[in-house]
file my_file.cif (mmCIF, C-alpha atoms)
data_data
#
loop_
_atom_site.label_atom_id
_atom_site.label_comp_id
_atom_site.auth_asym_id
_atom_site.auth_seq_id
_atom_site.Cartn_x
_atom_site.Cartn_y
_atom_site.Cartn_z
CA MET A 1 -2.11 45.13 18.50
CA ALA A 2 1.09 44.57 16.55
CA GLU A 3 1.50 40.83 16.42
CA GLU A 4 4.95 39.55 17.10
CA VAL A 5 5.41 35.92 16.22
CA LYS A 6 8.72 34.10 16.55
CA LEU A 7 9.50 30.48 15.90
CA PHE A 8 12.52 28.69 17.32
CA GLY A 9 13.28 25.67 15.17
CA VAL A 10 15.86 23.46 13.55
CA TRP A 11 16.14 23.08 9.77
CA GLY A 12 15.86 19.29 9.67
CA SER A 13 13.22 18.83 12.35
CA PRO A 14 9.80 17.57 11.22
CA PHE A 15 8.35 19.07 14.38
CA SER A 16 9.48 22.62 13.72
CA ARG A 17 8.60 22.33 10.01
CA ARG A 18 5.05 21.35 11.01
CA VAL A 19 4.63 24.63 12.82
CA GLU A 20 6.03 26.56 9.83
CA ILE A 21 3.51 24.83 7.57
CA ALA A 22 0.69 25.81 9.93
CA LEU A 23 1.85 29.45 10.05
CA LYS A 24 2.11 29.54 6.25
CA ILE A 25 -1.38 28.06 5.84
CA LYS A 26 -2.66 30.92 7.98
CA GLY A 27 -0.51 33.53 6.27
CA VAL A 28 0.97 34.59 9.60
CA GLU A 29 4.22 36.58 9.42
CA TYR A 30 6.88 35.31 11.77
CA GLU A 31 10.53 35.60 12.56
CA TYR A 32 12.37 32.29 12.35
CA ILE A 33 15.29 31.56 14.64
CA GLU A 34 17.49 28.56 13.82
CA GLU A 35 18.70 26.82 16.98
CA ASP A 36 21.87 24.80 17.34
CA LEU A 37 20.80 21.83 19.45
CA ALA A 38 24.39 21.14 20.46
CA ASN A 39 24.57 24.67 21.82
CA LYS A 40 21.08 25.74 22.87
CA SER A 41 20.48 29.47 23.18
CA PRO A 42 19.65 30.98 26.60
CA LEU A 43 16.42 32.21 25.03
CA LEU A 44 15.34 28.67 24.10
CA LEU A 45 16.15 27.42 27.59
CA LYS A 46 14.15 30.29 29.05
CA TYR A 47 11.17 29.67 26.77
CA ASN A 48 11.13 25.89 27.15
CA PRO A 49 12.68 25.11 30.51
CA VAL A 50 10.81 21.80 30.83
CA HIS A 51 11.97 20.11 27.62
CA LYS A 52 14.65 22.47 26.27
CA LYS A 53 13.54 21.53 22.75
CA VAL A 54 12.31 23.03 19.51
CA PRO A 55 9.87 24.05 18.22
CA VAL A 56 8.84 26.92 20.46
CA LEU A 57 6.41 29.55 19.23
CA VAL A 58 6.57 32.91 20.96
CA HIS A 59 3.49 35.06 20.38
CA ASN A 60 3.74 38.59 21.76
CA GLY A 61 6.40 37.41 24.19
CA LYS A 62 4.48 34.35 25.41
CA PRO A 63 6.06 30.96 24.65
CA ILE A 64 4.30 27.73 23.66
CA ALA A 65 6.06 24.40 23.24
CA GLU A 66 5.10 21.00 21.69
CA SER A 67 4.33 21.04 17.96
CA VAL A 68 0.71 19.81 18.03
CA VAL A 69 -0.11 22.07 21.01
CA ILE A 70 1.36 24.98 19.04
CA ILE A 71 -0.65 24.09 15.91
CA GLU A 72 -3.91 23.91 17.92
CA TYR A 73 -3.06 27.34 19.35
CA ILE A 74 -2.38 28.72 15.87
CA ASP A 75 -5.66 27.25 14.62
CA GLU A 76 -7.65 28.82 17.48
CA THR A 77 -5.93 32.19 17.28
CA TRP A 78 -6.09 32.69 13.51
CA LYS A 79 -9.43 31.26 12.49
CA HIS A 80 -9.33 31.43 8.67
CA ASN A 81 -8.07 28.43 6.64
CA PRO A 82 -8.87 25.95 9.42
CA ILE A 83 -6.38 23.18 10.10
CA LEU A 84 -8.67 21.16 12.39
CA PRO A 85 -12.29 20.39 11.47
CA GLN A 86 -15.12 22.32 13.13
CA ASP A 87 -17.25 19.33 14.14
CA PRO A 88 -16.32 18.01 17.63
CA TYR A 89 -16.46 14.35 16.55
CA GLU A 90 -14.23 15.00 13.54
CA ARG A 91 -11.89 16.96 15.80
CA ALA A 92 -11.69 13.97 18.17
CA LEU A 93 -10.80 11.69 15.24
CA THR A 94 -8.19 14.18 13.99
CA ARG A 95 -6.57 14.34 17.43
CA PHE A 96 -6.69 10.53 17.67
CA TRP A 97 -4.81 10.06 14.40
CA ALA A 98 -2.29 12.80 15.14
CA LYS A 99 -1.57 11.09 18.47
CA PHE A 100 -1.32 7.67 16.82
CA ILE A 101 1.21 8.96 14.30
CA ASP A 102 3.33 10.74 16.89
CA GLU A 103 3.22 8.10 19.61
CA LYS A 104 3.28 4.91 17.56
CA CYS A 105 4.32 5.46 13.93
CA LEU A 106 7.16 7.91 14.34
CA PRO A 107 9.05 5.96 17.03
CA ALA A 108 8.59 2.67 15.12
CA LEU A 109 9.78 4.20 11.85
CA TRP A 110 12.69 5.90 13.57
CA ASN A 111 13.71 2.75 15.46
CA SER A 112 13.38 0.59 12.36
CA THR A 113 16.10 2.77 10.85
CA TRP A 114 18.47 3.22 13.77
CA SER A 115 18.20 0.24 16.10
CA LYS A 116 20.01 -3.05 15.69
CA GLY A 117 19.40 -6.80 15.85
CA LYS A 118 16.20 -8.04 17.48
CA ASP A 119 15.09 -4.52 18.43
CA ARG A 120 15.30 -3.54 14.78
CA GLU A 121 13.31 -6.59 13.65
CA ALA A 122 10.61 -5.80 16.18
CA ALA A 123 10.56 -2.13 15.13
CA ILE A 124 10.26 -3.07 11.45
CA GLU A 125 7.35 -5.40 12.22
CA GLU A 126 5.64 -2.71 14.25
CA ALA A 127 6.28 -0.02 11.64
CA SER A 128 4.75 -2.23 8.93
CA GLN A 129 1.63 -2.72 11.01
CA HIS A 130 1.27 0.99 11.64
CA LEU A 131 1.73 1.86 7.99
CA ASN A 132 -1.03 -0.63 7.17
CA THR A 133 -3.25 1.00 9.76
CA LEU A 134 -2.67 4.37 8.09
CA GLU A 135 -3.30 2.82 4.67
CA ASN A 136 -6.67 1.55 5.90
CA GLU A 137 -7.55 4.88 7.47
CA LEU A 138 -6.86 6.78 4.27
CA LYS A 139 -9.57 4.76 2.44
CA ASP A 140 -10.58 6.73 -0.66
CA LYS A 141 -9.71 10.14 0.67
CA LYS A 142 -7.25 12.36 -1.10
CA PHE A 143 -5.83 13.51 2.23
CA PHE A 144 -6.40 12.39 5.82
CA GLY A 145 -8.17 15.73 6.20
CA GLY A 146 -10.48 15.00 3.24
CA GLU A 147 -10.26 17.23 0.18
CA GLU A 148 -7.84 19.60 1.88
CA ILE A 149 -4.83 18.91 4.05
CA GLY A 150 -5.40 19.14 7.78
CA LEU A 151 -3.60 18.46 11.03
CA VAL A 152 -3.16 14.73 10.39
CA ASP A 153 -1.57 15.35 6.98
CA ILE A 154 0.79 17.91 8.49
CA VAL A 155 1.78 15.54 11.31
CA ALA A 156 2.09 12.61 8.87
CA SER A 157 4.46 14.57 6.64
CA PHE A 158 7.15 12.76 8.64
CA VAL A 159 5.96 9.55 7.01
CA GLY A 160 5.68 11.11 3.59
CA PHE A 161 8.89 13.05 3.47
CA TRP A 162 11.33 12.30 6.26
CA PHE A 163 10.84 8.55 6.23
CA GLY A 164 11.18 8.54 2.46
CA ALA A 165 14.64 10.03 2.90
CA LEU A 166 15.47 7.64 5.78
CA GLN A 167 14.44 4.69 3.63
CA GLU A 168 16.76 5.73 0.87
CA VAL A 169 19.65 5.86 3.33
CA SER A 170 18.88 2.66 5.25
CA GLY A 171 17.72 0.53 2.33
CA LEU A 172 14.54 -0.43 4.17
CA GLU A 173 11.47 -0.97 2.03
CA LEU A 174 8.45 -0.24 4.14
CA LEU A 175 6.79 2.68 2.40
CA THR A 176 6.43 1.09 -1.05
CA GLU A 177 3.71 1.15 -3.68
CA GLU A 178 3.47 -2.59 -3.43
CA LYS A 179 2.85 -2.61 0.32
CA VAL A 180 0.95 0.61 0.92
CA PRO A 181 -0.23 2.02 -2.44
CA LYS A 182 -2.69 4.58 -1.05
CA LEU A 183 -0.19 5.89 1.46
CA CYS A 184 2.42 6.27 -1.28
CA LYS A 185 -0.02 8.16 -3.47
CA TRP A 186 -1.00 10.35 -0.50
CA SER A 187 2.63 10.98 0.28
CA TYR A 188 3.28 12.15 -3.26
CA GLU A 189 0.19 14.41 -3.21
CA VAL A 190 0.92 15.88 0.19
CA VAL A 191 4.58 16.61 -0.47
CA ASN A 192 3.59 18.38 -3.67
CA GLN A 193 1.08 20.70 -2.01
CA SER A 194 2.73 24.08 -2.40
CA VAL A 195 2.38 25.08 1.26
CA ILE A 196 4.14 21.88 2.26
CA LYS A 197 6.60 21.71 -0.63
CA GLU A 198 7.85 25.24 0.01
CA ASN A 199 8.34 24.53 3.69
CA LEU A 200 10.23 21.26 3.68
CA PRO A 201 13.96 21.03 4.14
CA SER A 202 16.10 20.26 1.11
CA ARG A 203 15.84 16.53 0.47
CA ASP A 204 19.49 16.38 -0.60
CA LYS A 205 20.62 18.07 2.57
CA LEU A 206 18.47 15.71 4.66
CA ILE A 207 19.81 12.64 2.87
CA ALA A 208 23.38 13.86 3.32
CA TYR A 209 22.70 14.41 7.03
CA PHE A 210 21.08 10.97 7.51
CA SER A 211 23.76 9.24 5.43
CA ALA A 212 26.52 10.67 7.60
CA ARG A 213 24.65 9.65 10.72
CA PHE A 214 23.95 6.18 9.34
CA ALA A 215 27.62 5.72 8.48
CA ASP A 216 28.61 6.75 12.02
CA ALA A 217 26.01 4.43 13.55
CA SER A 218 27.28 1.47 11.54
CA LYS A 219 30.80 1.76 12.89
CA MET B 220 -28.20 16.59 24.47
CA SER B 221 -30.45 13.56 24.80
CA GLU B 222 -28.43 11.08 22.76
CA GLU B 223 -27.12 8.07 24.57
CA VAL B 224 -23.70 8.20 26.20
CA LYS B 225 -21.87 5.00 27.06
CA LEU B 226 -18.48 4.54 28.64
CA HIS B 227 -16.54 1.31 28.22
CA GLY B 228 -14.00 1.09 31.02
CA VAL B 229 -12.22 -1.04 33.56
CA TRP B 230 -12.58 -0.62 37.33
CA ALA B 231 -8.83 -0.45 38.05
CA SER B 232 -7.90 1.95 35.26
CA PRO B 233 -6.88 5.58 35.86
CA PHE B 234 -7.91 6.31 32.26
CA SER B 235 -11.48 5.12 32.88
CA TYR B 236 -11.66 7.31 35.95
CA ARG B 237 -10.52 10.38 34.07
CA VAL B 238 -13.54 10.11 31.80
CA ILE B 239 -15.89 9.30 34.69
CA TRP B 240 -14.71 12.45 36.49
CA ALA B 241 -15.27 14.62 33.41
CA LEU B 242 -18.76 13.19 32.85
CA LYS B 243 -19.70 13.62 36.52
CA LEU B 244 -18.30 17.14 36.79
CA LYS B 245 -20.50 18.13 33.87
CA GLY B 246 -23.52 16.19 35.16
CA ILE B 247 -23.75 14.07 32.01
CA ALA B 248 -25.83 10.90 32.31
CA TYR B 249 -24.11 7.82 30.94
CA GLU B 250 -24.21 4.04 30.96
CA TYR B 251 -21.05 2.37 32.21
CA VAL B 252 -19.90 -0.90 30.62
CA GLU B 253 -17.20 -2.85 32.49
CA GLU B 254 -14.82 -4.56 30.09
CA ASP B 255 -12.74 -7.67 30.77
CA LEU B 256 -9.33 -6.92 29.25
CA SER B 257 -8.32 -10.59 29.29
CA ASN B 258 -11.39 -11.31 27.19
CA LYS B 259 -12.14 -8.21 25.17
CA SER B 260 -15.69 -7.84 23.93
CA ALA B 261 -16.47 -7.83 20.22
CA LEU B 262 -17.98 -4.40 20.78
CA LEU B 263 -14.75 -2.99 22.23
CA LEU B 264 -12.72 -4.38 19.32
CA HIS B 265 -15.24 -2.84 16.93
CA TYR B 266 -15.12 0.55 18.67
CA ASN B 267 -11.35 0.69 19.08
CA PRO B 268 -9.78 -1.48 16.40
CA VAL B 269 -6.47 0.42 16.45
CA HIS B 270 -5.60 0.13 20.15
CA LYS B 271 -8.21 -2.36 21.45
CA GLN B 272 -8.17 -0.43 24.73
CA ILE B 273 -10.43 1.28 27.16
CA PRO B 274 -11.72 3.83 27.78
CA VAL B 275 -14.02 4.28 24.82
CA LEU B 276 -16.84 6.81 24.93
CA VAL B 277 -19.73 6.08 22.62
CA HIS B 278 -21.99 9.05 21.94
CA ALA B 279 -25.04 8.51 19.75
CA GLY B 280 -23.36 5.35 18.47
CA LYS B 281 -20.07 7.03 17.55
CA PRO B 282 -16.93 5.88 19.40
CA ILE B 283 -14.17 8.15 20.69
CA CYS B 284 -10.91 6.72 22.06
CA GLU B 285 -7.99 7.96 24.20
CA SER B 286 -8.96 9.41 27.58
CA MET B 287 -7.84 13.03 27.15
CA ILE B 288 -9.18 13.17 23.59
CA ILE B 289 -12.50 11.88 24.93
CA ILE B 290 -12.49 14.65 27.55
CA GLU B 291 -11.78 17.35 24.93
CA TYR B 292 -14.76 15.99 22.97
CA ILE B 293 -16.92 16.10 26.10
CA GLU B 294 -15.70 19.66 26.73
CA GLU B 295 -16.70 20.76 23.22
CA MET B 296 -20.10 19.03 23.24
CA TRP B 297 -21.06 20.05 26.79
CA PRO B 298 -19.42 23.45 27.42
CA ASP B 299 -21.00 24.06 30.86
CA THR B 300 -18.61 23.64 33.80
CA PRO B 301 -15.59 24.24 31.57
CA LEU B 302 -12.55 22.02 32.11
CA LEU B 303 -10.24 24.15 29.96
CA PRO B 304 -9.62 27.91 30.12
CA THR B 305 -11.22 30.09 27.45
CA ASP B 306 -8.08 32.14 26.84
CA HIS B 307 -6.15 30.61 23.92
CA TYR B 308 -2.76 30.97 25.51
CA LYS B 309 -3.89 29.38 28.79
CA ARG B 310 -5.47 26.56 26.80
CA ALA B 311 -2.16 25.96 25.05
CA ILE B 312 -0.39 25.81 28.41
CA ALA B 313 -3.06 23.37 29.66
CA ARG B 314 -2.56 21.15 26.59
CA PHE B 315 1.20 21.30 27.14
CA TRP B 316 0.78 19.92 30.67
CA ILE B 317 -1.75 17.30 29.56
CA LYS B 318 0.85 16.07 27.06
CA PHE B 319 3.56 16.16 29.73
CA ALA B 320 1.32 14.14 32.06
CA ASP B 321 0.72 11.50 29.42
CA ASP B 322 4.20 11.41 27.88
CA LYS B 323 6.35 11.68 30.98
CA ALA B 324 4.41 11.16 34.21
CA LEU B 325 2.39 8.24 32.91
CA SER B 326 5.41 6.50 31.43
CA VAL B 327 7.27 6.73 34.73
CA LEU B 328 4.19 5.53 36.67
CA ARG B 329 4.06 2.49 34.40
CA ARG B 330 7.67 1.73 35.05
CA THR B 331 7.18 1.95 38.83
CA LEU B 332 4.31 -0.51 38.40
CA TYR B 333 5.95 -2.98 36.03
CA THR B 334 9.64 -3.13 36.82
CA THR B 335 11.79 -4.66 39.53
CA GLY B 336 15.32 -4.35 40.88
CA GLU B 337 17.61 -1.84 39.20
CA GLU B 338 15.00 -0.78 36.66
CA LEU B 339 12.58 -0.01 39.47
CA GLU B 340 15.18 2.06 41.30
CA LYS B 341 15.79 4.01 38.12
CA ALA B 342 12.06 4.53 37.64
CA ILE B 343 11.67 5.81 41.20
CA LYS B 344 14.50 8.28 40.67
CA GLU B 345 12.93 9.51 37.43
CA CYS B 346 9.56 9.78 39.12
CA LEU B 347 11.01 12.21 41.65
CA GLU B 348 12.54 14.24 38.82
CA ILE B 349 9.18 14.45 37.05
CA LEU B 350 7.42 15.51 40.25
CA GLU B 351 10.07 18.19 40.69
CA ILE B 352 9.40 19.57 37.21
CA VAL B 353 5.66 19.76 37.82
CA GLU B 354 6.24 21.27 41.28
CA GLU B 355 8.51 23.94 39.87
CA HIS B 356 6.83 24.80 36.58
CA GLY B 357 3.33 23.40 36.43
CA LEU B 358 1.25 24.65 39.30
CA GLU B 359 2.61 28.16 39.92
CA ASP B 360 0.54 29.68 42.74
CA LYS B 361 -2.81 28.43 41.61
CA LYS B 362 -5.11 26.33 43.73
CA TYR B 363 -5.61 23.92 40.86
CA PHE B 364 -3.86 23.62 37.51
CA ASN B 365 -7.07 24.98 35.96
CA GLY B 366 -7.34 27.89 38.40
CA GLU B 367 -10.08 28.11 41.01
CA LYS B 368 -11.81 24.94 39.86
CA ILE B 369 -10.42 21.64 38.63
CA GLY B 370 -10.06 21.01 34.92
CA MET B 371 -8.46 18.70 32.40
CA VAL B 372 -4.88 19.10 33.66
CA ASP B 373 -5.98 18.35 37.23
CA ILE B 374 -7.80 15.26 35.96
CA ALA B 375 -4.75 14.14 33.98
CA PHE B 376 -2.32 14.48 36.90
CA GLY B 377 -4.83 13.50 39.55
CA SER B 378 -5.43 10.10 38.01
CA ILE B 379 -1.71 9.44 37.72
CA LEU B 380 -0.93 10.59 41.27
CA TYR B 381 -3.75 8.55 42.75
CA TRP B 382 -2.39 5.35 41.24
CA LEU B 383 1.13 6.40 42.16
CA GLY B 384 -0.04 6.89 45.75
CA VAL B 385 -1.53 3.41 45.89
CA ASN B 386 1.66 1.99 44.40
CA GLU B 387 3.68 3.79 47.08
CA GLU B 388 1.88 1.58 49.61
CA VAL B 389 2.56 -1.54 47.56
CA LEU B 390 6.26 -0.69 47.18
CA GLY B 391 6.70 0.71 50.68
CA VAL B 392 8.24 3.87 49.21
CA LYS B 393 7.16 7.47 49.78
CA LEU B 394 7.36 9.59 46.64
CA LEU B 395 5.03 12.60 46.90
CA GLU B 396 6.41 13.90 50.20
CA PRO B 397 5.06 17.24 51.49
CA HIS B 398 8.47 18.67 52.41
CA LYS B 399 9.87 17.88 48.95
CA PHE B 400 6.82 18.84 46.90
CA PRO B 401 4.75 21.24 49.03
CA ARG B 402 2.66 22.71 46.22
CA LEU B 403 1.93 19.40 44.53
CA HIS B 404 1.14 17.72 47.82
CA LYS B 405 -1.30 20.47 48.80
CA TRP B 406 -2.88 20.44 45.35
CA PHE B 407 -3.31 16.66 45.44
CA HIS B 408 -5.01 16.83 48.83
CA SER B 409 -7.42 19.54 47.56
CA PHE B 410 -8.04 17.56 44.38
CA GLN B 411 -9.11 14.47 46.30
CA GLU B 412 -11.45 16.56 48.45
CA VAL B 413 -13.45 17.78 45.44
CA PRO B 414 -16.81 15.99 45.92
CA VAL B 415 -16.99 14.48 42.41
CA ILE B 416 -13.48 13.06 42.82
CA LYS B 417 -13.97 11.91 46.40
CA GLU B 418 -17.20 10.11 45.50
CA ASN B 419 -15.72 8.53 42.37
CA LEU B 420 -12.58 6.72 43.33
CA PRO B 421 -12.08 2.97 43.12
CA ASN B 422 -12.03 0.98 46.35
CA ARG B 423 -8.48 1.63 47.55
CA ASP B 424 -8.04 -1.80 49.16
CA ASN B 425 -9.11 -3.48 45.94
CA VAL B 426 -6.57 -1.49 43.94
CA ILE B 427 -3.85 -2.29 46.49
CA SER B 428 -4.66 -6.04 46.28
CA PHE B 429 -4.74 -5.85 42.51
CA LEU B 430 -1.37 -4.10 42.28
CA LYS B 431 0.15 -6.31 45.00
CA GLY B 432 -0.95 -9.41 43.10
CA ARG B 433 0.61 -8.06 39.92
CA ARG B 434 3.85 -7.19 41.68
CA GLU B 435 4.08 -10.68 43.22
CA THR B 436 3.73 -12.24 39.77
CA LEU B 437 6.35 -9.84 38.42
CA GLU B 438 8.86 -10.55 41.19
CA ALA B 439 8.31 -14.29 40.82
CA SER B 440 8.92 -14.26 37.10
CA SER B 441 12.03 -12.11 37.36
CA THR B 442 13.90 -14.40 39.80
#
call {"tool": "encode", "arguments": {"input": "my_file.cif", "output": "structure tokens"}}
result
Amino acid sequence: MAEEVKLFGVWGSPFSRRVEIALKIKGVEYEYIEEDLANKSPLLLKYNPVHKKVPVLVHNGKPIAESVVIIEYIDETWKHNPILPQDPYERALTRFWAKFIDEKCLPALWNSTWSKGKDREAAIEEASQHLNTLENELKDKKFFGGEEIGLVDIVASFVGFWFGALQEVSGLELLTEEKVPKLCKWSYEVVNQSVIKENLPSRDKLIAYFSARFADASK
Amino acid sequence: MSEEVKLHGVWASPFSYRVIWALKLKGIAYEYVEEDLSNKSALLLHYNPVHKQIPVLVHAGKPICESMIIIEYIEEMWPDTPLLPTDHYKRAIARFWIKFADDKALSVLRRTLYTTGEELEKAIKECLEILEIVEEHGLEDKKYFNGEKIGMVDIAFGSILYWLGVNEEVLGVKLLEPHKFPRLHKWFHSFQEVPVIKENLPNRDNVISFLKGRRETLEASST
């Protein structure tokens, strides 16, 4: 069967980049479609009527939404170069950490950048705690996935790459060698893995985008 | 699989019940440990240091946290009576709805439980919108979300809708009305008739008292 794989994404989105990383790990050929979130295409709205968001993977005409759901699908469909571990207990731990990062870390890191006053203070406190939790979880491993990157590393690339850029723009100092040395080392390692490095947005472009947004938000 | 299975839970928690239903549907023997959330056991804090929450499943001494993650683990370790489809695409759709249940439906349930006044009105409105989305997109023409037999998505939504139903009584508001949500209403009725579910629900009066007590405290502190 001729495989047709399409990915609807947005250049700066960590969620759509995650899926691209997963597809590249598996060596799956795909057509990428850049969406304009201010002017969503009818196709996106048809493929993701519930959330109307990216990323959406369309495999042989069938759409799947939600980045981690998509990655689990990719991992099950193309079995070589596994992204999740094989052992059920390890898989449960992987899913736990991916959920922790998405539900707790990302919102706290995002809010610590963009919110104001007391909300911001609370977000910064929370973000610090979560980064410490990740620091402790890393222990002596090279990656969250062990010797090779796995789902948790891919999901945590927000922390490694996007938050690094956000920090530069906001002046916050949460992800520092002093505070979270292992996490910083991990973040350097993970961002320099070729499959990740080649599939991240341009840092300059991201910083320019965040800077403009930060300037607007400060008015 | 003869290794010991323990479930740390709380009688009034929908998350505890999700895991109980999965274990019972698969006929897995387990020991249940009731936790006191106002006085968390050292064991619970040891098993779930990140969230300090129930449920926690402990299998052969190894803890697993987060209800739907626990159920996926159970599904992988005990594949009989499958709770997820085997087809990859259908599994992805199931996982999509599980995430929707936990991200959207659960969050709105919480707000109908823990807010008052204007915030509560807003939560009720959002709840109806969420139900509409599931009615329109989630069930299609299937008997259950999982097909002919209940599965993980049914468990995810079933637990939320049960607690929502009890809260409807506490609030004196009808949300899951049959004329507004015919498919969902019918599904929920069938879900509750499944023997494992029917025989494993908390005492409804106890949950009502519990939620009423909480609401009274909430209303008192917000005046």
call {"tool": "residues_around", "arguments": {"input": "my_file.cif", "residues": "stretch 87-89 of chain A", "least_positions_apart": "3", "cutoff": "7 Å", "atoms": "all atoms listed in the file", "output": "VMD selection string"}}
result
(chain A and resid 92 to 93) or (chain B and resid 292 295 to 296)
call {"tool": "resolve_selection", "arguments": {"input": "my_file.cif", "expression": "the PyMOL selection byres ((chain B) within 8 of (chain A))", "output": "ChimeraX atom specification"}}
result
/B:269,283-285,288-289,291-292,295-296,307-308,310-312,314-315,352,356
call {"tool": "resolve_selection", "arguments": {"input": "my_file.cif", "expression": "the PyMOL selection byres ((chain A and resi 160) around 12)", "output": "mmCIF file with C-alpha atoms, in the coordinates of the input"}}
result
data_model
loop_
_atom_site.group_PDB
_atom_site.id
_atom_site.type_symbol
_atom_site.label_atom_id
_atom_site.label_comp_id
_atom_site.auth_asym_id
_atom_site.auth_seq_id
_atom_site.Cartn_x
_atom_site.Cartn_y
_atom_site.Cartn_z
ATOM 1 C CA PRO A 14 9.800 17.570 11.220
ATOM 2 C CA ILE A 101 1.210 8.960 14.300
ATOM 3 C CA CYS A 105 4.320 5.460 13.930
ATOM 4 C CA LEU A 106 7.160 7.910 14.340
ATOM 5 C CA LEU A 109 9.780 4.200 11.850
ATOM 6 C CA LEU A 131 1.730 1.860 7.990
ATOM 7 C CA LEU A 134 -2.670 4.370 8.090
ATOM 8 C CA PHE A 143 -5.830 13.510 2.230
ATOM 9 C CA VAL A 152 -3.160 14.730 10.390
ATOM 10 C CA ASP A 153 -1.570 15.350 6.980
ATOM 11 C CA ILE A 154 0.790 17.910 8.490
ATOM 12 C CA VAL A 155 1.780 15.540 11.310
ATOM 13 C CA ALA A 156 2.090 12.610 8.870
ATOM 14 C CA SER A 157 4.460 14.570 6.640
ATOM 15 C CA PHE A 158 7.150 12.760 8.640
ATOM 16 C CA VAL A 159 5.960 9.550 7.010
ATOM 17 C CA PHE A 161 8.890 13.050 3.470
ATOM 18 C CA TRP A 162 11.330 12.300 6.260
ATOM 19 C CA PHE A 163 10.840 8.550 6.230
ATOM 20 C CA GLY A 164 11.180 8.540 2.460
ATOM 21 C CA ALA A 165 14.640 10.030 2.900
ATOM 22 C CA LEU A 166 15.470 7.640 5.780
ATOM 23 C CA GLN A 167 14.440 4.690 3.630
ATOM 24 C CA LEU A 174 8.450 -0.240 4.140
ATOM 25 C CA LEU A 175 6.790 2.680 2.400
ATOM 26 C CA THR A 176 6.430 1.090 -1.050
ATOM 27 C CA VAL A 180 0.950 0.610 0.920
ATOM 28 C CA LYS A 182 -2.690 4.580 -1.050
ATOM 29 C CA LEU A 183 -0.190 5.890 1.460
ATOM 30 C CA CYS A 184 2.420 6.270 -1.280
ATOM 31 C CA LYS A 185 -0.020 8.160 -3.470
ATOM 32 C CA TRP A 186 -1.000 10.350 -0.500
ATOM 33 C CA SER A 187 2.630 10.980 0.280
ATOM 34 C CA TYR A 188 3.280 12.150 -3.260
ATOM 35 C CA GLU A 189 0.190 14.410 -3.210
ATOM 36 C CA VAL A 190 0.920 15.880 0.190
ATOM 37 C CA VAL A 191 4.580 16.610 -0.470
ATOM 38 C CA ASN A 192 3.590 18.380 -3.670
ATOM 39 C CA ILE A 196 4.140 21.880 2.260
ATOM 40 C CA LYS A 197 6.600 21.710 -0.630
ATOM 41 C CA LEU A 200 10.230 21.260 3.680
ATOM 42 C CA ARG A 203 15.840 16.530 0.470
#
call {"tool": "closest_residue", "arguments": {"input": "my_file.cif", "among": "B:Ala241, B:Lys281, B:Val385, B:Lys309", "to": "B:Asn422", "atoms": "all atoms listed in the file"}}
result
B:Val385
call {"tool": "residues_around", "arguments": {"input": "my_file.cif", "residues": "A:Ser13", "least_positions_apart": "4", "cutoff": "9 Å", "atoms": "all atoms listed in the file", "output": "list in words"}}
result
Gly9, Arg17, Arg18, Val54, Pro55 and Pro201 of chain A
call {"tool": "atom_distance", "arguments": {"input": "my_file.cif", "atom1": "atom CA of B:Glu254", "atom2": "atom CA of B:His227"}}
result
6.4 Å
call {"tool": "resolve_selection", "arguments": {"input": "my_file.cif", "expression": "the PyMOL selection byres ((chain B and resi 327-342) around 9)", "output": "list in words"}}
result
Asp322, Lys323, Ala324, Leu325, Ser326, Ile343, Lys344, Glu345, Cys346, Leu347, Ile349, Ile379, Leu380, Trp382, Leu383, Asn386, Leu390, Leu430, Arg433, Arg434, Leu437, Glu438 and Ser441 of chain B
call {"tool": "decode", "arguments": {"input": "my_file.cif", "residues": "stretch 309-316 of chain B", "atoms": "N, CA and C atoms", "output": "mmCIF file, in the first residue's frame"}}
result
data_model
loop_
_atom_site.group_PDB
_atom_site.id
_atom_site.type_symbol
_atom_site.label_atom_id
_atom_site.label_comp_id
_atom_site.auth_asym_id
_atom_site.auth_seq_id
_atom_site.Cartn_x
_atom_site.Cartn_y
_atom_site.Cartn_z
ATOM 1 N N LYS B 309 -7.794 3.043 15.380
ATOM 2 C CA LYS B 309 -8.874 3.109 16.388
ATOM 3 C C LYS B 309 -8.298 3.343 17.784
ATOM 4 N N ARG B 310 -7.129 2.796 18.047
ATOM 5 C CA ARG B 310 -6.473 3.043 19.337
ATOM 6 C C ARG B 310 -6.120 4.521 19.484
ATOM 7 N N ALA B 311 -5.638 5.103 18.396
ATOM 8 C CA ALA B 311 -5.286 6.530 18.428
ATOM 9 C C ALA B 311 -6.532 7.370 18.705
ATOM 10 N N ILE B 312 -7.629 7.018 18.079
ATOM 11 C CA ILE B 312 -8.882 7.744 18.318
ATOM 12 C C ILE B 312 -9.314 7.558 19.777
ATOM 13 N N ALA B 313 -9.169 6.351 20.308
ATOM 14 C CA ALA B 313 -9.510 6.089 21.716
ATOM 15 C C ALA B 313 -8.655 6.968 22.628
ATOM 16 N N ARG B 314 -7.357 7.012 22.362
ATOM 17 C CA ARG B 314 -6.447 7.829 23.192
ATOM 18 C C ARG B 314 -6.803 9.312 23.081
ATOM 19 N N PHE B 315 -7.215 9.727 21.899
ATOM 20 C CA PHE B 315 -7.643 11.122 21.708
ATOM 21 C C PHE B 315 -8.782 11.428 22.643
ATOM 22 N N TRP B 316 -9.791 10.542 22.724
ATOM 23 C CA TRP B 316 -10.961 10.791 23.567
ATOM 24 C C TRP B 316 -10.648 10.664 25.053
#
